[in-house]
Amino acid sequence: MPSPMEIYKLLPKTNCGKCGEKTCMSFAFKLLNGEKRLEECEPLFSPKFEVSRKKLEEMLAIVEKAKETGLIVNEDLCTGCANCVVSCPVHVEKDPYNAAMGRGIEMEEPILRIENGVVRVINLSLCRRYGKERTLCVICRENCPTDAISFVEEA
Amino acid sequence: MGVVCTACSCLCDDIVIKDGKIYHACRKGCMLLTGEREKTRVEGGEADVEKAVERARELLKKPLILGLDNVCCEAQKAALKLAEETGAALVDHSLLSGGELIMFARELGREIEFEKFRDEGYLSFYWGANPHNSLPRHLSRFTYYPRSGKRQRGYEEDRFLVVADVRRSETAKIAEKSKSGLFLKVEKDGELVDSLLKAAEGKAGKYVEAARVLKEIEKAEVNAIFGGSGLYWGLRDLTKLGELVEKLDISFVPLTSKANMRGFAELMMKKAGSLCYDFGEGREIGLEDLPAVFESCKSVLVVGADPMRTFPHSLVEKLAGKDVIIVNSLKSVTSRVIDVEVVIATELSSFSGGRMIRSDGVEVEISSQPSSQPESLRDAEVLEMLR
């Protein structure tokens, strides 16, 4: 996962403001959060910055996969231990006799569920990181021993 | 009741198979449930079971019966009878991993059922074990994460995790990251035992964290050490560990990854008085006897195992040139690499049903399930046919 500084270093660093942001650093942060797209940086598409642009496209490919809450699940690293499913506070509240107790989750449309041996994102609208009252909950990530779960802004 | 996964000794009974998807099983469980199935073969060509059994019976002379930790108690019982009748040596994985800890736990009598620990347990102490690999759902189903019974406030307040290991395993990473966890990187397990015993007497040992472990133990009545094979190989002599468990007044549960190693150990202790036994020679088999046992057998019957993957090379190389018969559900490295005379395909225990004993000593009934291979026989049925 790239950091905002790594992205910034590849931007034109002219603070031209054409993207709508006051500084290139601010643009770098928003690129990572998925709020801005590379195409909004006009100077980057001049031949002078072609190498940098290509590097940025590669770096940001992973961000494209991020969900609305910034959640990224790397299924290749997941072993299906279900620590994330069982420790999720929303699951604990909504499925107290199954997921909360360590059994397979049975609530309709959970946030995460173990399918075919790995965790799958099912319904992010229930995630505490989503919506107006959102909080920066990182419990699923904290309890993943293989780093299969990460969040965009923590890069 | 869902399908029971027999990939490890968690024996998870909440697995759902629906519309081509497997729900709640870990990656290890999925590998088992969806693994490539064996086909009954005689000398490389596909054959029916009757022909395969007939050929196998011809070959079973002073055999070594190997494996058995992943099949049901019924199959283990049938293998024992077959061993008695043919004078076979009966060997599972317990001498290499887990067996001594099972014996230790049985003698100590301080085991606790996983469900009771889930409902009441506070401190779970994984010692020489990395359940993230061996029993992937152990923490989420039974120890650290569940909110159940008297433990409703979640892992940060109502549980404490201690991991003692020589390396920073995945389970150790959880303990290291958590506020309610502690990772002890241990060089010599004996020194940690000493430190904990000293801490119990108010003295300081090599591991200063021992005092914190004891402080956490005092917070609740139900605490347990879950000992993995690393603990046995680190200590060899478990006497002081027994003293420690008694002194701290906590439970001890052996963590064996093989689904029914406990069942086999219980059966063998009852019938033969030891974990592995040579019925031809009429004597107990110890770890040091394994090379001679592998060398001297004329044929090998592998039941529900993959010795090329799970036994040391120094042992399995001795099987070269012997008549090898495999009774198994899934294709294995052994059946691919070794020149196998007979393969008899059986149904997975998760679908055929039977009984298994979890590593905490609890018997789990596996109900039979609709299968994609309804024509396959159970392991126990095939072993009965071989008698």
# chains A, B, ... in the order shown; residues from 1 in each chain; ligands from 1
>>> interface_residues(of="chain A", to="chain B", cutoff="10 Å", atoms="only C-alpha atoms", output="PyMOL selection string")
chain A and resi 78-89+92+96-106+113-119+142-147
>>> residues_around(residues="Leu123 in chain B", least_positions_apart="2", cutoff="10 Å", atoms="only C-alpha atoms", output="ChimeraX atom specification")
/B:117,120-121,125-126,143-144,158-162,180-181,213-214,216-225,250
>>> write_last_selection(atoms="N, CA and C atoms", output="compact mmCIF listing (two decimals), in the first residue's frame")
# COMPACT_ATOMS: atom_id res chain seq x y z
N PHE B 117 -14.57 -23.64 28.46
CA PHE B 117 -13.60 -22.55 28.44
C PHE B 117 -14.17 -21.34 27.71
N GLU B 120 -16.43 -19.62 30.20
CA GLU B 120 -15.92 -19.15 31.50
C GLU B 120 -14.44 -18.77 31.49
N GLY B 121 -13.71 -19.20 30.50
CA GLY B 121 -12.25 -19.04 30.54
C GLY B 121 -11.79 -17.59 30.41
N PHE B 125 -3.43 -19.70 27.43
CA PHE B 125 -1.97 -19.68 27.34
C PHE B 125 -1.56 -20.72 26.29
N TYR B 126 -1.26 -20.25 25.07
CA TYR B 126 -0.82 -21.16 24.01
C TYR B 126 0.69 -21.31 24.12
N THR B 143 -11.67 -19.69 22.52
CA THR B 143 -10.85 -19.13 23.60
C THR B 143 -10.87 -17.60 23.71
N TYR B 144 -10.28 -16.91 22.78
CA TYR B 144 -10.00 -15.49 22.96
C TYR B 144 -11.15 -14.57 22.53
N ASP B 158 -12.47 -9.12 28.83
CA ASP B 158 -12.87 -10.37 29.48
C ASP B 158 -11.97 -11.56 29.15
N ARG B 159 -10.94 -11.33 28.38
CA ARG B 159 -10.04 -12.44 28.03
C ARG B 159 -8.60 -11.95 28.12
N PHE B 160 -7.70 -12.89 28.27
CA PHE B 160 -6.27 -12.55 28.20
C PHE B 160 -5.56 -13.66 27.44
N LEU B 161 -4.71 -13.25 26.52
CA LEU B 161 -4.04 -14.22 25.66
C LEU B 161 -2.52 -14.20 25.92
N VAL B 162 -1.98 -15.36 26.23
CA VAL B 162 -0.52 -15.48 26.38
C VAL B 162 -0.04 -16.48 25.33
N SER B 180 -4.75 -6.85 25.62
CA SER B 180 -5.01 -7.95 26.55
C SER B 180 -4.27 -9.21 26.09
N GLY B 181 -3.03 -9.01 25.73
CA GLY B 181 -2.23 -10.15 25.28
C GLY B 181 -0.76 -9.99 25.64
N VAL B 213 1.87 -12.82 34.09
CA VAL B 213 1.01 -13.96 33.75
C VAL B 213 0.27 -14.42 35.01
N LEU B 214 1.00 -14.52 36.11
CA LEU B 214 0.37 -14.97 37.37
C LEU B 214 -0.68 -13.98 37.85
N GLU B 216 -2.49 -12.06 36.02
CA GLU B 216 -3.68 -12.23 35.19
C GLU B 216 -4.44 -13.49 35.59
N ILE B 217 -3.72 -14.57 35.89
CA ILE B 217 -4.37 -15.82 36.30
C ILE B 217 -5.21 -15.61 37.54
N GLU B 218 -4.73 -14.77 38.45
CA GLU B 218 -5.45 -14.51 39.71
C GLU B 218 -6.80 -13.83 39.48
N LYS B 219 -6.97 -13.22 38.30
CA LYS B 219 -8.19 -12.46 38.05
C LYS B 219 -9.42 -13.34 37.81
N ALA B 220 -9.19 -14.62 37.48
CA ALA B 220 -10.34 -15.49 37.18
C ALA B 220 -10.09 -16.91 37.66
N GLU B 221 -11.17 -17.67 37.75
CA GLU B 221 -11.05 -19.05 38.23
C GLU B 221 -10.68 -20.01 37.11
N VAL B 222 -11.12 -19.68 35.88
CA VAL B 222 -10.90 -20.62 34.78
C VAL B 222 -9.84 -20.09 33.82
N ASN B 223 -8.72 -20.76 33.81
CA ASN B 223 -7.60 -20.41 32.92
C ASN B 223 -7.01 -21.71 32.41
N ALA B 224 -6.37 -21.67 31.25
CA ALA B 224 -5.84 -22.93 30.72
C ALA B 224 -4.58 -22.74 29.90
N ILE B 225 -3.71 -23.76 30.00
CA ILE B 225 -2.57 -23.85 29.08
C ILE B 225 -2.99 -24.78 27.95
N ILE B 250 -4.54 -24.36 37.25
CA ILE B 250 -5.17 -24.06 35.96
C ILE B 250 -5.38 -25.37 35.18
>>> residues_around(residues="Val49 in chain B", least_positions_apart="4", cutoff="12 Å", atoms="only C-alpha atoms", output="PyMOL selection string")
chain B and resi 39-42+53-56+327+342-346+375-378+381-383+385-386
>>> write_last_selection(atoms="C-alpha atoms", output="mmCIF file, in the first residue's frame")
data_model
loop_
_atom_site.group_PDB
_atom_site.id
_atom_site.type_symbol
_atom_site.label_atom_id
_atom_site.label_comp_id
_atom_site.auth_asym_id
_atom_site.auth_seq_id
_atom_site.Cartn_x
_atom_site.Cartn_y
_atom_site.Cartn_z
ATOM 1 C CA LYS B 39 -9.985 -43.273 -7.336
ATOM 2 C CA THR B 40 -9.811 -46.967 -6.542
ATOM 3 C CA ARG B 41 -6.852 -48.403 -8.424
ATOM 4 C CA VAL B 42 -4.846 -51.619 -8.641
ATOM 5 C CA VAL B 53 -9.606 -55.471 -1.584
ATOM 6 C CA GLU B 54 -8.710 -58.928 -2.889
ATOM 7 C CA ARG B 55 -5.302 -57.720 -4.106
ATOM 8 C CA ALA B 56 -4.702 -55.788 -0.884
ATOM 9 C CA VAL B 327 -7.077 -46.338 1.926
ATOM 10 C CA VAL B 342 -3.492 -50.622 -4.407
ATOM 11 C CA VAL B 343 -5.527 -47.487 -3.717
ATOM 12 C CA ILE B 344 -8.990 -47.846 -2.232
ATOM 13 C CA ALA B 345 -11.002 -44.622 -2.361
ATOM 14 C CA THR B 346 -13.226 -43.961 0.623
ATOM 15 C CA GLU B 375 -20.615 -44.941 -4.158
ATOM 16 C CA SER B 376 -17.519 -44.605 -1.944
ATOM 17 C CA LEU B 377 -17.352 -46.819 1.127
ATOM 18 C CA ARG B 378 -16.491 -45.698 4.647
ATOM 19 C CA GLU B 381 -16.132 -50.707 5.940
ATOM 20 C CA VAL B 382 -13.019 -51.076 3.782
ATOM 21 C CA LEU B 383 -10.883 -52.054 6.777
ATOM 22 C CA MET B 385 -13.363 -56.059 4.252
ATOM 23 C CA LEU B 386 -9.581 -56.349 4.513
#
>>> select_by_dssp(residues="chain A", states="strand (DSSP E)", output="MDAnalysis selection string")
chainID A and resid 71:73 112:115 118:121 149:151
>>> closest_residue(among="B:Ser9, B:Asp306, B:Ser368, B:Lys271", to="Lys81 in chain B", atoms="only C-alpha atoms")
B:Lys271
>>> atom_distance(atom1="CA of Lys179 in chain B", atom2="CA of Glu157 in chain B")
9.2 Å
>>> residues_around(residues="Met59 in chain A", least_positions_apart="3", cutoff="10 Å", atoms="only C-alpha atoms", output="short mmCIF file (atom, residue, chain, number, x, y, z; two decimals) with C-alpha atoms, in the first residue's frame")
data_model
loop_
_atom_site.label_atom_id
_atom_site.label_comp_id
_atom_site.auth_asym_id
_atom_site.auth_seq_id
_atom_site.Cartn_x
_atom_site.Cartn_y
_atom_site.Cartn_z
CA MET A 1 0.00 0.00 0.00
CA PRO A 2 1.54 3.36 -1.03
CA SER A 3 1.85 6.23 1.45
CA GLU A 6 5.24 8.32 -1.92
CA ILE A 7 2.40 9.55 -4.11
CA LEU A 32 -5.41 7.62 -1.71
CA ARG A 53 2.29 8.94 -14.16
CA LYS A 54 2.83 5.30 -15.03
CA LYS A 55 4.33 4.62 -11.62
CA LEU A 56 1.39 6.34 -9.98
CA ILE A 62 -4.77 -1.32 -5.26
CA VAL A 63 -6.78 1.72 -4.16
#
>>> residues_around(residues="Gly227 in chain B", least_positions_apart="5", cutoff="12 Å", atoms="only C-alpha atoms", output="ChimeraX atom specification")
/B:97-102,104-105,111,124-131,162-165,189,232-235,238,241-242,245,251-257,359-360
>>> write_last_selection(atoms="C-alpha atoms", output="short mmCIF file (atom, residue, chain, number, x, y, z; two decimals), in the first residue's frame")
data_model
loop_
_atom_site.label_atom_id
_atom_site.label_comp_id
_atom_site.auth_asym_id
_atom_site.auth_seq_id
_atom_site.Cartn_x
_atom_site.Cartn_y
_atom_site.Cartn_z
CA SER B 97 3.72 -34.83 17.60
CA GLY B 98 1.15 -34.59 20.36
CA GLY B 99 1.01 -38.09 21.79
CA GLU B 100 3.09 -37.41 24.87
CA LEU B 101 0.99 -34.35 25.67
CA ILE B 102 -2.21 -36.39 25.39
CA PHE B 104 0.36 -36.14 30.14
CA ALA B 105 -3.08 -34.50 30.10
CA GLU B 111 -8.52 -30.89 31.16
CA SER B 124 -5.66 -18.81 27.39
CA PHE B 125 -1.97 -19.68 27.34
CA TYR B 126 -0.82 -21.16 24.01
CA TRP B 127 2.54 -22.75 24.64
CA GLY B 128 4.58 -24.21 21.79
CA ALA B 129 1.53 -24.04 19.57
CA ASN B 130 0.43 -21.89 16.65
CA PRO B 131 -3.28 -22.61 16.40
CA VAL B 162 -0.52 -15.48 26.38
CA VAL B 163 1.59 -17.02 23.64
CA ALA B 164 4.94 -18.64 24.42
CA ASP B 165 6.86 -19.70 21.37
CA ASP B 189 10.81 -23.73 27.66
CA TYR B 232 6.85 -31.26 24.49
CA TRP B 233 9.92 -31.04 22.26
CA GLY B 234 11.12 -28.05 24.27
CA LEU B 235 10.81 -29.84 27.60
CA LEU B 238 7.01 -32.88 31.63
CA LEU B 241 5.15 -28.68 33.90
CA GLY B 242 2.81 -30.90 35.89
CA VAL B 245 -0.15 -26.66 36.37
CA SER B 251 -6.32 -26.46 33.25
CA PHE B 252 -4.12 -28.14 30.68
CA VAL B 253 -5.35 -29.21 27.23
CA PRO B 254 -3.14 -30.81 24.57
CA LEU B 255 -3.50 -29.14 21.18
CA THR B 256 -3.21 -31.77 18.48
CA SER B 257 -3.99 -30.72 14.95
CA SER B 359 -8.15 -32.89 21.46
CA ASP B 360 -9.90 -31.83 24.69
#
>>> atom_distance(atom1="CA of Lys331 in chain B", atom2="CA of Glu347 in chain B")
12.1 Å
>>> residues_around(residues="Glu108 in chain A", least_positions_apart="6", cutoff="10 Å", atoms="only C-alpha atoms", output="list in words")
Lys94, Asp95, Ile122 and Asn123 of chain A
>>> select_by_dssp(residues="chain A", states="helix (DSSP H, G or I)", output="PyMOL selection string")
chain A and resi 4-10+24-33+38-40+42-45+47-64+83-87+89-94+124-126+139-142+152-154
>>> closest_residue(among="A:Glu93, A:Cys19, A:Thr69, A:Asn74", to="Gly131 in chain A", atoms="only C-alpha atoms")
A:Thr69
